[in-house]
file upload.cif (mmCIF, C-alpha atoms)
data_input
#
loop_
_atom_site.label_atom_id
_atom_site.label_comp_id
_atom_site.auth_asym_id
_atom_site.auth_seq_id
_atom_site.Cartn_x
_atom_site.Cartn_y
_atom_site.Cartn_z
CA MET B 193 -2.11 -2.70 -6.64
CA LYS B 194 -0.20 -4.40 -3.88
CA ILE B 195 3.53 -4.13 -4.22
CA ALA B 196 3.64 -7.85 -3.54
CA THR B 197 2.56 -8.38 -7.08
CA PHE B 198 5.09 -6.22 -8.81
CA ILE B 199 7.70 -8.81 -9.52
CA LEU B 200 6.05 -12.18 -9.87
CA ALA B 201 3.99 -14.75 -8.13
CA ALA B 202 4.93 -17.68 -10.21
CA SER B 203 5.73 -20.76 -8.29
CA ALA B 204 2.26 -21.60 -7.02
CA LEU B 205 1.51 -22.65 -10.57
CA VAL B 206 4.64 -24.70 -10.98
CA ALA B 207 4.20 -28.45 -10.75
CA GLY B 208 6.40 -30.15 -8.22
CA HIS B 209 7.44 -32.90 -10.58
CA LEU B 210 9.37 -32.78 -13.79
CA SER B 211 7.83 -34.01 -17.00
CA ALA B 212 9.64 -36.58 -19.05
CA GLY B 213 12.71 -35.24 -20.84
CA GLU B 214 13.07 -32.19 -18.58
CA ILE B 215 16.36 -31.12 -17.06
CA ALA B 216 16.05 -30.39 -13.32
CA PRO B 217 17.30 -27.00 -12.05
CA LYS B 218 20.31 -28.58 -10.33
CA ASP B 219 21.32 -30.46 -13.48
CA VAL B 220 21.48 -27.48 -15.84
CA ARG B 221 24.98 -27.13 -17.32
CA TYR B 222 26.21 -23.57 -17.78
CA ASP B 223 29.34 -22.94 -19.84
CA ASP B 224 32.05 -20.52 -18.70
CA TYR B 225 30.07 -17.55 -20.01
CA GLY B 226 26.75 -18.62 -18.51
CA ALA B 227 25.20 -20.06 -21.69
CA VAL B 228 23.05 -23.23 -21.64
CA GLU B 229 23.35 -25.24 -24.85
CA THR B 230 20.83 -28.04 -24.21
CA PRO B 231 17.12 -27.13 -24.15
CA LEU B 232 15.49 -27.77 -20.76
CA THR B 233 12.63 -29.72 -22.37
CA SER B 234 12.21 -31.92 -25.42
CA LYS B 235 9.18 -29.90 -26.57
CA ALA B 236 10.00 -26.83 -28.67
CA GLY B 237 9.32 -23.46 -27.05
CA ASP B 238 6.00 -21.73 -27.77
CA SER B 239 6.80 -18.12 -28.50
CA ALA B 240 3.22 -16.84 -28.03
CA ASN B 241 3.13 -18.34 -24.55
CA GLY B 242 6.57 -16.87 -23.87
CA ALA B 243 5.12 -13.41 -24.42
CA ILE B 244 2.35 -14.17 -21.92
CA VAL B 245 4.86 -15.41 -19.35
CA MET B 246 6.91 -12.24 -19.74
CA LYS B 247 4.10 -9.74 -19.34
CA SER B 248 1.94 -11.46 -16.73
CA LYS B 249 2.36 -10.13 -13.24
CA SER B 250 1.49 -13.56 -11.85
CA ILE B 251 4.05 -15.46 -13.96
CA GLY B 252 7.39 -14.08 -15.18
CA ASN B 253 6.58 -10.37 -14.88
CA CYS B 254 9.79 -9.63 -16.78
CA ILE B 255 8.42 -6.22 -17.75
CA ALA B 256 8.64 -5.21 -14.09
CA CYS B 257 12.27 -4.51 -14.97
CA HIS B 258 12.45 -4.53 -18.80
CA ALA B 259 10.73 -2.55 -21.53
CA LEU B 260 9.87 -4.30 -24.79
CA ALA B 261 7.79 -2.67 -27.54
CA ASP B 262 6.25 -5.97 -28.63
CA LEU B 263 4.63 -6.29 -25.18
CA ASN B 264 3.22 -2.76 -25.11
CA ASP B 265 -0.31 -4.09 -24.83
CA ALA B 266 0.54 -4.74 -21.17
CA PRO B 267 0.90 -1.49 -19.19
CA PHE B 268 3.90 -0.28 -17.17
CA HIS B 269 7.32 -1.43 -18.29
CA GLY B 270 10.17 -1.05 -15.83
CA GLU B 271 13.56 0.58 -16.25
CA ILE B 272 15.81 -1.62 -14.12
CA GLY B 273 17.25 -3.80 -16.87
CA PRO B 274 18.00 -2.97 -20.52
CA ALA B 275 15.15 -2.73 -23.05
CA LEU B 276 14.83 -6.12 -24.73
CA ASP B 277 14.02 -4.90 -28.26
CA GLY B 278 16.40 -6.60 -30.69
CA VAL B 279 17.70 -8.96 -28.01
CA GLY B 280 17.71 -11.84 -30.54
CA ASP B 281 20.42 -9.99 -32.51
CA ARG B 282 22.63 -9.55 -29.47
CA TRP B 283 22.50 -13.05 -27.96
CA ASN B 284 22.12 -16.55 -29.40
CA GLU B 285 19.69 -19.20 -28.17
CA ALA B 286 22.06 -20.83 -25.65
CA GLU B 287 23.01 -17.45 -24.21
CA ILE B 288 19.39 -16.35 -23.80
CA ARG B 289 18.52 -19.69 -22.17
CA GLY B 290 21.38 -19.15 -19.73
CA ILE B 291 20.31 -15.58 -18.92
CA VAL B 292 16.68 -16.51 -18.29
CA SER B 293 17.59 -19.62 -16.26
CA ASN B 294 20.15 -17.87 -14.05
CA ALA B 295 21.32 -14.45 -15.21
CA LYS B 296 23.98 -14.37 -12.50
CA MET B 297 26.00 -16.92 -14.46
CA THR B 298 26.25 -14.42 -17.34
CA PHE B 299 26.22 -11.12 -15.40
CA GLU B 300 28.02 -11.51 -12.11
CA GLY B 301 26.00 -10.07 -9.23
CA SER B 302 23.08 -9.20 -11.51
CA MET B 303 19.92 -7.88 -9.91
CA MET B 304 17.93 -10.11 -12.26
CA PRO B 305 16.36 -13.02 -10.34
CA ALA B 306 17.36 -16.58 -11.27
CA TYR B 307 14.25 -18.17 -12.77
CA TYR B 308 15.42 -21.77 -12.78
CA LYS B 309 17.17 -22.21 -9.48
CA VAL B 310 15.93 -23.83 -6.27
CA ASP B 311 18.63 -23.45 -3.64
CA GLY B 312 21.31 -21.19 -2.22
CA PHE B 313 18.87 -18.49 -1.06
CA ILE B 314 19.01 -16.47 2.17
CA ARG B 315 15.76 -16.74 4.19
CA PRO B 316 13.64 -18.10 1.32
CA GLY B 317 9.94 -17.52 1.87
CA ARG B 318 6.76 -19.33 0.94
CA GLY B 319 5.86 -17.29 -2.12
CA PHE B 320 4.97 -13.73 -1.13
CA THR B 321 3.55 -14.61 2.29
CA GLY B 322 6.55 -13.42 4.28
CA LYS B 323 6.54 -16.81 6.04
CA ALA B 324 9.40 -19.30 5.85
CA ALA B 325 9.36 -21.76 2.97
CA ASP B 326 7.96 -25.02 4.29
CA GLY B 327 9.52 -27.46 1.86
CA PRO B 328 11.77 -27.67 -1.17
CA LEU B 329 11.41 -24.63 -3.43
CA THR B 330 10.07 -24.80 -6.94
CA PRO B 331 11.79 -22.64 -9.56
CA LEU B 332 10.16 -19.31 -10.45
CA LEU B 333 9.40 -20.63 -13.94
CA THR B 334 8.95 -24.19 -15.22
CA ALA B 335 11.37 -25.67 -17.75
CA GLN B 336 8.71 -25.29 -20.44
CA GLN B 337 8.02 -21.64 -19.52
CA ILE B 338 11.75 -20.93 -19.83
CA GLU B 339 11.83 -22.53 -23.28
CA ASP B 340 8.75 -20.52 -24.28
CA VAL B 341 10.40 -17.28 -23.20
CA VAL B 342 13.60 -18.21 -25.06
CA ALA B 343 11.58 -18.89 -28.22
CA PHE B 344 9.82 -15.54 -27.89
CA LEU B 345 13.02 -13.55 -27.26
CA LEU B 346 14.64 -15.14 -30.34
CA THR B 347 11.88 -13.54 -32.42
CA GLN B 348 13.00 -10.11 -31.19
CA ARG B 349 15.15 -8.80 -34.04
CA GLU B 350 15.65 -5.33 -35.37
CA MET G 95 -9.49 10.75 -6.09
CA LYS G 96 -8.41 7.14 -6.64
CA SER G 97 -9.02 7.45 -10.36
CA MET G 98 -7.26 10.80 -10.52
CA LYS G 99 -4.29 9.20 -8.89
CA THR G 100 -4.22 6.40 -11.44
CA ALA G 101 -4.47 8.93 -14.25
CA ALA G 102 -1.59 10.91 -12.83
CA ILE G 103 0.60 7.83 -12.69
CA ALA G 104 -0.28 6.88 -16.23
CA VAL G 105 0.65 10.33 -17.47
CA LEU G 106 3.93 10.17 -15.63
CA VAL G 107 4.88 6.89 -17.24
CA PHE G 108 3.76 7.66 -20.75
CA SER G 109 5.06 11.21 -20.94
CA ALA G 110 8.42 9.99 -19.76
CA GLY G 111 8.37 7.24 -22.35
CA MET G 112 11.06 4.75 -21.54
CA ALA G 113 13.44 7.39 -20.23
CA SER G 114 13.89 7.57 -16.50
CA ALA G 115 11.22 9.73 -14.90
CA GLY G 116 13.54 10.51 -12.02
CA PRO G 117 12.84 12.58 -8.93
CA ASP G 118 11.55 16.12 -9.50
CA ASN G 119 12.89 19.50 -8.39
CA ASP G 120 9.85 20.78 -6.53
CA VAL G 121 10.15 22.48 -3.16
CA LEU G 122 8.04 21.37 -0.19
CA VAL G 123 6.65 24.28 1.79
CA ILE G 124 4.13 23.30 4.46
CA ASN G 125 1.16 25.57 5.15
CA GLY G 126 2.89 28.26 3.10
CA GLU G 127 5.43 28.88 5.85
CA LEU G 128 7.70 25.95 6.71
CA THR G 129 10.25 25.12 3.99
CA MET G 130 11.36 21.51 4.33
CA THR G 131 14.82 20.13 3.59
CA THR G 132 13.95 17.41 1.10
CA ARG G 133 17.43 17.31 -0.51
CA ALA G 134 20.54 17.09 1.60
CA ALA G 135 24.24 16.38 1.33
CA VAL G 136 25.28 12.74 1.62
CA PRO G 137 26.48 12.10 5.20
CA GLU G 138 30.10 11.13 5.67
CA HIS G 139 29.22 7.56 6.67
CA MET G 140 27.67 7.06 3.21
CA ALA G 141 30.63 8.30 1.21
CA ASP G 142 31.17 4.82 -0.25
CA THR G 143 27.62 4.61 -1.68
CA PRO G 144 26.76 5.65 -5.25
CA LEU G 145 24.37 8.36 -3.98
CA ASP G 146 25.46 11.93 -4.62
CA GLU G 147 22.52 13.60 -2.89
CA LEU G 148 19.88 12.56 -0.37
CA LEU G 149 16.34 12.95 -1.65
CA SER G 150 13.17 12.57 0.36
CA GLY G 151 10.64 10.07 -1.00
CA TRP G 152 8.40 13.11 -1.50
CA HIS G 153 10.34 14.00 -4.69
CA TYR G 154 9.35 10.71 -6.33
CA ARG G 155 5.61 11.17 -5.99
CA THR G 156 3.17 12.81 -8.40
CA ASP G 157 2.36 16.52 -8.06
CA GLU G 158 -1.08 15.60 -6.81
CA THR G 159 0.25 13.38 -4.01
CA GLN G 160 2.95 15.93 -3.19
CA SER G 161 0.45 18.74 -2.77
CA LEU G 162 -1.51 16.77 -0.16
CA GLN G 163 1.48 17.01 2.14
CA ALA G 164 1.92 20.75 1.66
CA ASP G 165 -1.19 21.73 3.60
CA ASP G 166 -2.32 20.28 6.90
CA PHE G 167 -5.96 20.61 5.85
CA ASP G 168 -5.28 18.36 2.87
CA ASN G 169 -2.94 15.92 4.62
CA PRO G 170 -5.09 12.87 5.43
CA GLY G 171 -2.55 11.86 8.11
CA MET G 172 -3.43 14.84 10.29
CA VAL G 173 -6.74 13.44 11.57
CA PHE G 174 -4.73 10.65 13.20
CA VAL G 175 -2.61 13.25 14.96
CA ASP G 176 -5.82 14.58 16.52
CA VAL G 177 -6.79 11.09 17.62
CA ALA G 178 -3.39 10.67 19.26
CA ALA G 179 -3.69 14.07 20.97
CA ASP G 180 -6.74 12.70 22.77
CA ALA G 181 -4.86 9.52 23.70
CA TRP G 182 -2.02 11.71 25.01
CA ASN G 183 -4.37 13.18 27.61
CA THR G 184 -6.21 9.96 28.45
CA VAL G 185 -5.41 8.20 31.71
CA GLU G 186 -4.80 4.48 31.16
CA GLY G 187 -3.35 1.64 33.17
CA THR G 188 -2.87 0.81 36.83
CA GLU G 189 -0.85 3.92 37.73
CA GLY G 190 -3.59 6.40 36.91
CA LYS G 191 -1.44 8.32 34.48
CA ALA G 192 -1.61 9.70 30.97
CA CYS G 193 1.33 10.73 28.75
CA ALA G 194 0.43 14.29 29.77
CA THR G 195 0.98 13.47 33.45
CA CYS G 196 4.73 13.18 32.95
CA HIS G 197 5.27 15.13 29.72
CA GLN G 198 2.71 17.96 29.92
CA ASP G 199 2.03 19.15 26.38
CA PRO G 200 3.02 17.17 23.23
CA SER G 201 5.26 20.12 22.32
CA THR G 202 7.71 18.86 24.95
CA MET G 203 8.46 16.12 22.39
CA LYS G 204 10.12 18.61 20.04
CA GLY G 205 13.39 17.14 18.76
CA VAL G 206 12.64 13.57 19.86
CA ARG G 207 11.72 12.04 16.49
CA ALA G 208 14.87 13.48 14.91
CA VAL G 209 17.25 11.43 17.08
CA TYR G 210 15.46 8.06 17.20
CA PRO G 211 16.36 5.19 17.16
CA LYS G 212 18.62 6.04 20.06
CA TRP G 213 20.81 4.21 22.55
CA ASN G 214 19.21 3.81 25.99
CA ASP G 215 21.79 3.70 28.78
CA ALA G 216 19.55 2.16 31.43
CA THR G 217 18.46 -0.82 29.35
CA GLU G 218 21.64 -0.94 27.26
CA GLU G 219 19.82 -1.25 23.98
CA VAL G 220 18.97 0.75 20.89
CA ARG G 221 15.39 1.93 21.24
CA THR G 222 13.05 2.89 18.46
CA LEU G 223 10.37 5.48 19.12
CA ALA G 224 7.83 2.65 19.22
CA MET G 225 9.85 0.84 21.90
CA GLN G 226 10.08 4.02 23.95
CA ILE G 227 6.33 4.65 23.69
CA ASN G 228 5.62 1.10 24.87
CA SER G 229 8.18 1.35 27.64
CA CYS G 230 6.35 4.41 28.97
CA ARG G 231 3.00 2.68 28.67
CA VAL G 232 4.07 -0.50 30.44
CA GLU G 233 6.54 0.76 33.02
CA ASN G 234 5.25 4.25 33.81
CA MET G 235 1.53 3.90 33.21
CA GLY G 236 0.92 0.22 33.95
CA ALA G 237 -0.96 0.05 30.64
CA ASP G 238 -0.89 -2.54 27.86
CA PRO G 239 1.68 -1.98 25.14
CA TYR G 240 0.40 -0.86 21.75
CA LYS G 241 0.73 -3.39 18.93
CA TYR G 242 4.09 -2.57 17.35
CA THR G 243 2.74 -1.70 13.90
CA GLY G 244 -0.85 -1.01 14.95
CA GLY G 245 -2.97 2.06 14.38
CA LYS G 246 -2.64 3.46 17.91
CA MET G 247 1.13 3.21 17.71
CA ALA G 248 1.22 4.86 14.28
CA ASN G 249 -1.02 7.67 15.52
CA MET G 250 1.12 8.35 18.59
CA GLU G 251 4.27 8.31 16.45
CA ALA G 252 2.62 10.83 14.13
CA LEU G 253 1.83 13.18 17.03
CA ILE G 254 5.39 12.94 18.32
CA SER G 255 6.96 13.25 14.85
CA LEU G 256 4.93 16.35 14.09
CA GLN G 257 6.60 18.17 16.99
CA SER G 258 9.95 17.82 15.15
CA ARG G 259 8.63 18.61 11.69
CA GLY G 260 11.27 20.42 9.65
CA MET G 261 14.13 19.56 12.00
CA PRO G 262 17.00 17.59 10.44
CA VAL G 263 17.18 13.86 11.16
CA ASN G 264 20.24 13.43 13.33
CA VAL G 265 20.62 9.84 14.47
CA ALA G 266 23.81 8.91 16.34
CA ILE G 267 25.64 5.93 14.87
CA ASP G 268 28.75 5.86 17.01
CA GLY G 269 29.40 4.98 20.65
CA PRO G 270 27.39 2.09 22.03
CA ALA G 271 24.99 2.10 19.04
CA GLN G 272 27.75 1.37 16.58
CA SER G 273 27.55 -2.41 16.54
CA ASP G 274 23.79 -2.33 15.92
CA TRP G 275 24.33 0.20 13.19
CA GLU G 276 26.87 -2.08 11.52
CA TRP G 277 24.47 -4.99 11.81
CA GLY G 278 21.77 -2.86 10.20
CA ARG G 279 24.10 -1.99 7.35
CA GLU G 280 24.83 -5.66 6.78
CA LEU G 281 21.09 -6.42 6.64
CA TYR G 282 20.59 -3.54 4.19
CA TYR G 283 23.01 -5.08 1.72
CA THR G 284 21.94 -8.72 2.19
CA ARG G 285 20.13 -10.16 -0.83
CA THR G 286 17.22 -12.10 0.60
CA GLY G 287 14.53 -14.44 -0.66
CA GLN G 288 14.07 -16.37 -3.85
CA LEU G 289 14.37 -13.12 -5.80
CA GLU G 290 17.73 -12.40 -4.11
CA LEU G 291 17.17 -8.67 -3.69
CA SER G 292 18.59 -6.32 -1.06
CA CYS G 293 17.33 -2.92 0.04
CA ALA G 294 20.30 -1.49 -1.84
CA ASN G 295 19.33 -3.17 -5.14
CA CYS G 296 16.11 -1.19 -5.25
CA HIS G 297 16.73 1.97 -3.22
CA GLU G 298 20.43 2.65 -3.72
CA ASP G 299 21.12 1.36 -7.24
CA ASN G 300 17.72 2.00 -8.82
CA ASN G 301 16.10 4.97 -7.14
CA GLY G 302 14.52 7.10 -9.83
CA ASN G 303 13.77 4.03 -11.96
CA MET G 304 10.38 2.46 -12.46
CA ILE G 305 9.83 -1.11 -11.27
CA ARG G 306 6.68 -1.98 -13.18
CA ALA G 307 4.26 0.80 -12.07
CA ASP G 308 6.24 1.84 -8.98
CA HIS G 309 8.69 4.72 -8.93
CA LEU G 310 11.58 3.72 -6.69
CA SER G 311 12.76 6.27 -4.12
CA GLN G 312 15.84 6.18 -1.91
CA GLY G 313 13.75 4.43 0.74
CA HIS G 314 14.22 6.96 3.56
CA ILE G 315 12.15 6.89 6.75
CA ASN G 316 12.19 10.61 7.55
CA GLY G 317 8.54 10.77 6.47
CA PHE G 318 7.23 8.10 8.84
CA PRO G 319 4.64 7.37 9.85
CA VAL G 320 3.44 7.63 6.27
CA TYR G 321 -0.15 8.07 5.19
CA ARG G 322 -0.53 5.88 2.09
CA LEU G 323 -3.28 6.53 -0.42
CA LYS G 324 -3.11 2.83 -1.22
CA ASN G 325 -4.33 1.64 2.19
CA THR G 326 -5.72 4.95 3.53
CA LYS G 327 -4.03 4.78 6.92
CA LEU G 328 -0.80 5.65 8.67
CA ASN G 329 1.95 3.08 8.11
CA THR G 330 4.84 2.36 10.45
CA VAL G 331 8.49 1.83 9.55
CA HIS G 332 8.57 -1.86 10.44
CA ALA G 333 5.38 -2.57 8.48
CA ARG G 334 7.07 -1.01 5.44
CA PHE G 335 10.25 -3.00 5.99
CA LYS G 336 8.19 -6.16 6.28
CA GLY G 337 6.40 -5.45 3.01
CA CYS G 338 9.62 -4.76 1.16
CA VAL G 339 11.32 -7.92 2.46
CA ARG G 340 8.23 -10.01 1.71
CA ASP G 341 8.41 -8.77 -1.87
CA THR G 342 11.78 -10.45 -2.28
CA ARG G 343 9.95 -13.76 -1.61
CA ALA G 344 11.76 -14.00 1.70
CA GLU G 345 10.80 -14.95 5.22
CA THR G 346 10.54 -11.51 6.82
CA TYR G 347 11.85 -10.44 10.21
CA LYS G 348 9.21 -9.58 12.79
CA PRO G 349 8.21 -5.99 13.54
CA GLY G 350 10.08 -4.96 16.68
CA SER G 351 12.69 -7.70 16.24
CA PRO G 352 16.35 -6.89 16.97
CA GLU G 353 17.02 -7.22 13.22
CA PHE G 354 14.45 -4.61 12.25
CA VAL G 355 15.54 -2.30 15.09
CA ALA G 356 19.12 -2.44 13.80
CA LEU G 357 17.91 -1.95 10.23
CA GLU G 358 15.81 1.02 11.32
CA LEU G 359 18.81 2.64 12.99
CA TYR G 360 20.86 2.18 9.83
CA VAL G 361 18.14 3.36 7.43
CA ALA G 362 17.35 6.37 9.65
CA SER G 363 21.02 7.35 9.58
CA ARG G 364 20.98 7.25 5.78
CA GLY G 365 18.53 10.14 6.01
CA ASN G 366 20.59 12.25 8.42
CA GLY G 367 20.15 15.84 7.24
CA LEU G 368 16.68 15.48 5.68
CA SER G 369 13.77 17.11 7.49
CA VAL G 370 11.52 15.08 9.73
CA GLU G 371 8.32 14.94 7.61
CA GLY G 372 5.95 12.68 9.50
CA PRO G 373 3.12 12.29 8.91
CA SER G 374 3.99 12.41 5.22
CA VAL G 375 1.81 11.36 2.27
CA ARG G 376 2.81 8.71 -0.26
CA ASN G 377 0.95 6.53 -2.72
#
call {"tool": "encode", "arguments": {"input": "upload.cif", "output": "structure tokens"}}
result
Amino acid sequence: MKIATFILAASALVAGHLSAGEIAPKDVRYDDYGAVETPLTSKAGDSANGAIVMKSKSIGNCIACHALADLNDAPFHGEIGPALDGVGDRWNEAEIRGIVSNAKMTFEGSMMPAYYKVDGFIRPGRGFTGKAADGPLTPLLTAQQIEDVVAFLLTQRE
Amino acid sequence: MKSMKTAAIAVLVFSAGMASAGPDNDVLVINGELTMTTRAAVPEHMADTPLDELLSGWHYRTDETQSLQADDFDNPGMVFVDVAADAWNTVEGTEGKACATCHQDPSTMKGVRAVYPKWNDATEEVRTLAMQINSCRVENMGADPYKYTGGKMANMEALISLQSRGMPVNVAIDGPAQSDWEWGRELYYTRTGQLELSCANCHEDNNGNMIRADHLSQGHINGFPVYRLKNTKLNTVHARFKGCVRDTRAETYKPGSPEFVALELYVASRGNGLSVEGPSVRN
């Protein structure tokens, strides 16, 4: 396995344009604690797809850093962030949406990448090529993928 | 061997469950006679880091990978040392010289690897070992420079590193090198790319933790050049830096660039006290 793949290789799949009813990355409103009240899309999140986003190396690859028993069918869970079992008991929907969109608004200085952010980076590259980005960046996950992940994490209760 | 390696990794992860696997407590003795310093006290200039002990990357590898480095007959990096020993004696370039013309035997290189990168008074710059090798080739031999991260360079670095094997890394960070060292430190803590990750995020704050299937070490370079089972060749320091920066979804610096030279000086100094291990074996 190439280490290039260990976090994620998402944005190639992300469409450049927003679908109707989507909130653009720069328009997301975070409250003082980093929560995002308004869903990023008008379509309800699909929890089954959220699980796929989280465990796929080529999409969210959240398990690079987090363990989660419900995703144990995918091998190798990381130890960088907390285990996400029971996360739906600890955080509400708006809080989880905020963490997945830009965790740094909830946890200052967090190592967790911001999945719905397109600017403010130092030396942004074109995916994992090591070359400079050659145009505006797309977020690591689409609005719908974020909503799917939120829906899935809300099912995680102990 | 590939499949054995995969099996060993799987065992490591599953037997450790979700608890941190952490570095191990094994001792590296090479050829049954040379005991290596793979754990060392934190140098004074790193007192403000969270590290309480320096650990060679060797401690983070599986027993199987570790054992390959303990015997020169098993170490797949050693064949490249032999290739470089031939190059050492081969006349190249317009001046009719080989390395051996000026330096006699490779054993005259004892101690060199341990103190590089090093300030060069004549050119008023910090020089990596690769820069010094190419300076000799171009200026003294009239030969073409080696590609900075190429195989011939890695091989020659392995031959030269081997002469210092077991000696403590002892890179100078003061005097004229200080400003480069400070620049390197700044680069080490800069969070680059769309993933906004710095060297420190992975190697200072999370060494010992798994990131997906990879066991994060402290990211030292005392073992370079490194033979990697993954790509079955010797790998140079700047190629490794490039790979790690690329993985933050950043535009990387170029091998041999002033940025990577400064970063190499800084990262080398973080390993001051650990044994020179090159050519080491990693996965």
call {"tool": "atom_distance", "arguments": {"input": "upload.cif", "atom1": "atom CA of G:Glu353", "atom2": "atom CA of G:Thr222"}}
result
12.1 Å
call {"tool": "atom_distance", "arguments": {"input": "upload.cif", "atom1": "atom CA of G:Pro349", "atom2": "atom CA of G:Glu290"}}
result
21.1 Å
call {"tool": "interface_residues", "arguments": {"input": "upload.cif", "of": "chain B", "to": "chain G", "cutoff": "6 Å", "atoms": "only C-alpha atoms", "output": "list in words"}}
result
Ala196, Ala256, Cys257, Phe268, His269, Gly270, Glu271, Pro305, Phe313, Ile314, Arg315, Pro316, Gly317, Gly319, Phe320, Gly322, Lys323 and Ala324 of chain B
call {"tool": "resolve_selection", "arguments": {"input": "upload.cif", "expression": "the PyMOL selection byres ((chain B and resi 229-237) around 9)", "output": "JSON, numbers by chain"}}
result
{"B": [211, 212, 213, 214, 215, 216, 217, 220, 221, 222, 223, 227, 228, 238, 239, 241, 242, 285, 286, 287, 289, 290, 335, 336, 337, 338, 339, 340, 341, 342, 343, 344]}
call {"tool": "residues_near_point", "arguments": {"input": "upload.cif", "point": "(17.8, -18.0, -11.2)", "cutoff": "9 Å", "atoms": "only C-alpha atoms", "output": "VMD selection string"}}
result
(chain B and resid 291 to 297 304 to 310 331 to 332) or (chain G and resid 288 to 289)
call {"tool": "atom_distance", "arguments": {"input": "upload.cif", "atom1": "atom CA of B:Asp277", "atom2": "atom CA of B:Leu333"}}
result
21.8 Å
call {"tool": "resolve_selection", "arguments": {"input": "upload.cif", "expression": "the PyMOL selection byres ((chain G and resi 174) around 9)", "output": "PyMOL selection string"}}
result
chain G and resi 170-173+175-179+245-246+248-250+252-253+327-328
call {"tool": "write_last_selection", "arguments": {"input": "upload.cif", "atoms": "C-alpha atoms", "output": "short mmCIF file (atom, residue, chain, number, x, y, z; two decimals), in the coordinates of the input"}}
result
data_model
loop_
_atom_site.label_atom_id
_atom_site.label_comp_id
_atom_site.auth_asym_id
_atom_site.auth_seq_id
_atom_site.Cartn_x
_atom_site.Cartn_y
_atom_site.Cartn_z
CA PRO G 170 -5.09 12.87 5.43
CA GLY G 171 -2.55 11.86 8.11
CA MET G 172 -3.43 14.84 10.29
CA VAL G 173 -6.74 13.44 11.57
CA VAL G 175 -2.61 13.25 14.96
CA ASP G 176 -5.82 14.58 16.52
CA VAL G 177 -6.79 11.09 17.62
CA ALA G 178 -3.39 10.67 19.26
CA ALA G 179 -3.69 14.07 20.97
CA GLY G 245 -2.97 2.06 14.38
CA LYS G 246 -2.64 3.46 17.91
CA ALA G 248 1.22 4.86 14.28
CA ASN G 249 -1.02 7.67 15.52
CA MET G 250 1.12 8.35 18.59
CA ALA G 252 2.62 10.83 14.13
CA LEU G 253 1.83 13.18 17.03
CA LYS G 327 -4.03 4.78 6.92
CA LEU G 328 -0.80 5.65 8.67
#
call {"tool": "resolve_selection", "arguments": {"input": "upload.cif", "expression": "the PyMOL selection byres ((chain G and resi 165) around 9)", "output": "PyMOL selection string"}}
result
chain G and resi 123-126+161-164+166-169
call {"tool": "closest_residue", "arguments": {"input": "upload.cif", "among": "B:Ile288, B:Met303, B:Ile251, B:Ala261", "to": "B:Gly273", "atoms": "all atoms listed in the file"}}
result
B:Met303
call {"tool": "closest_residue", "arguments": {"input": "upload.cif", "among": "G:Arg279, G:Arg207, G:Lys212, G:Lys241", "to": "G:Ile254", "atoms": "all atoms listed in the file"}}
result
G:Arg207
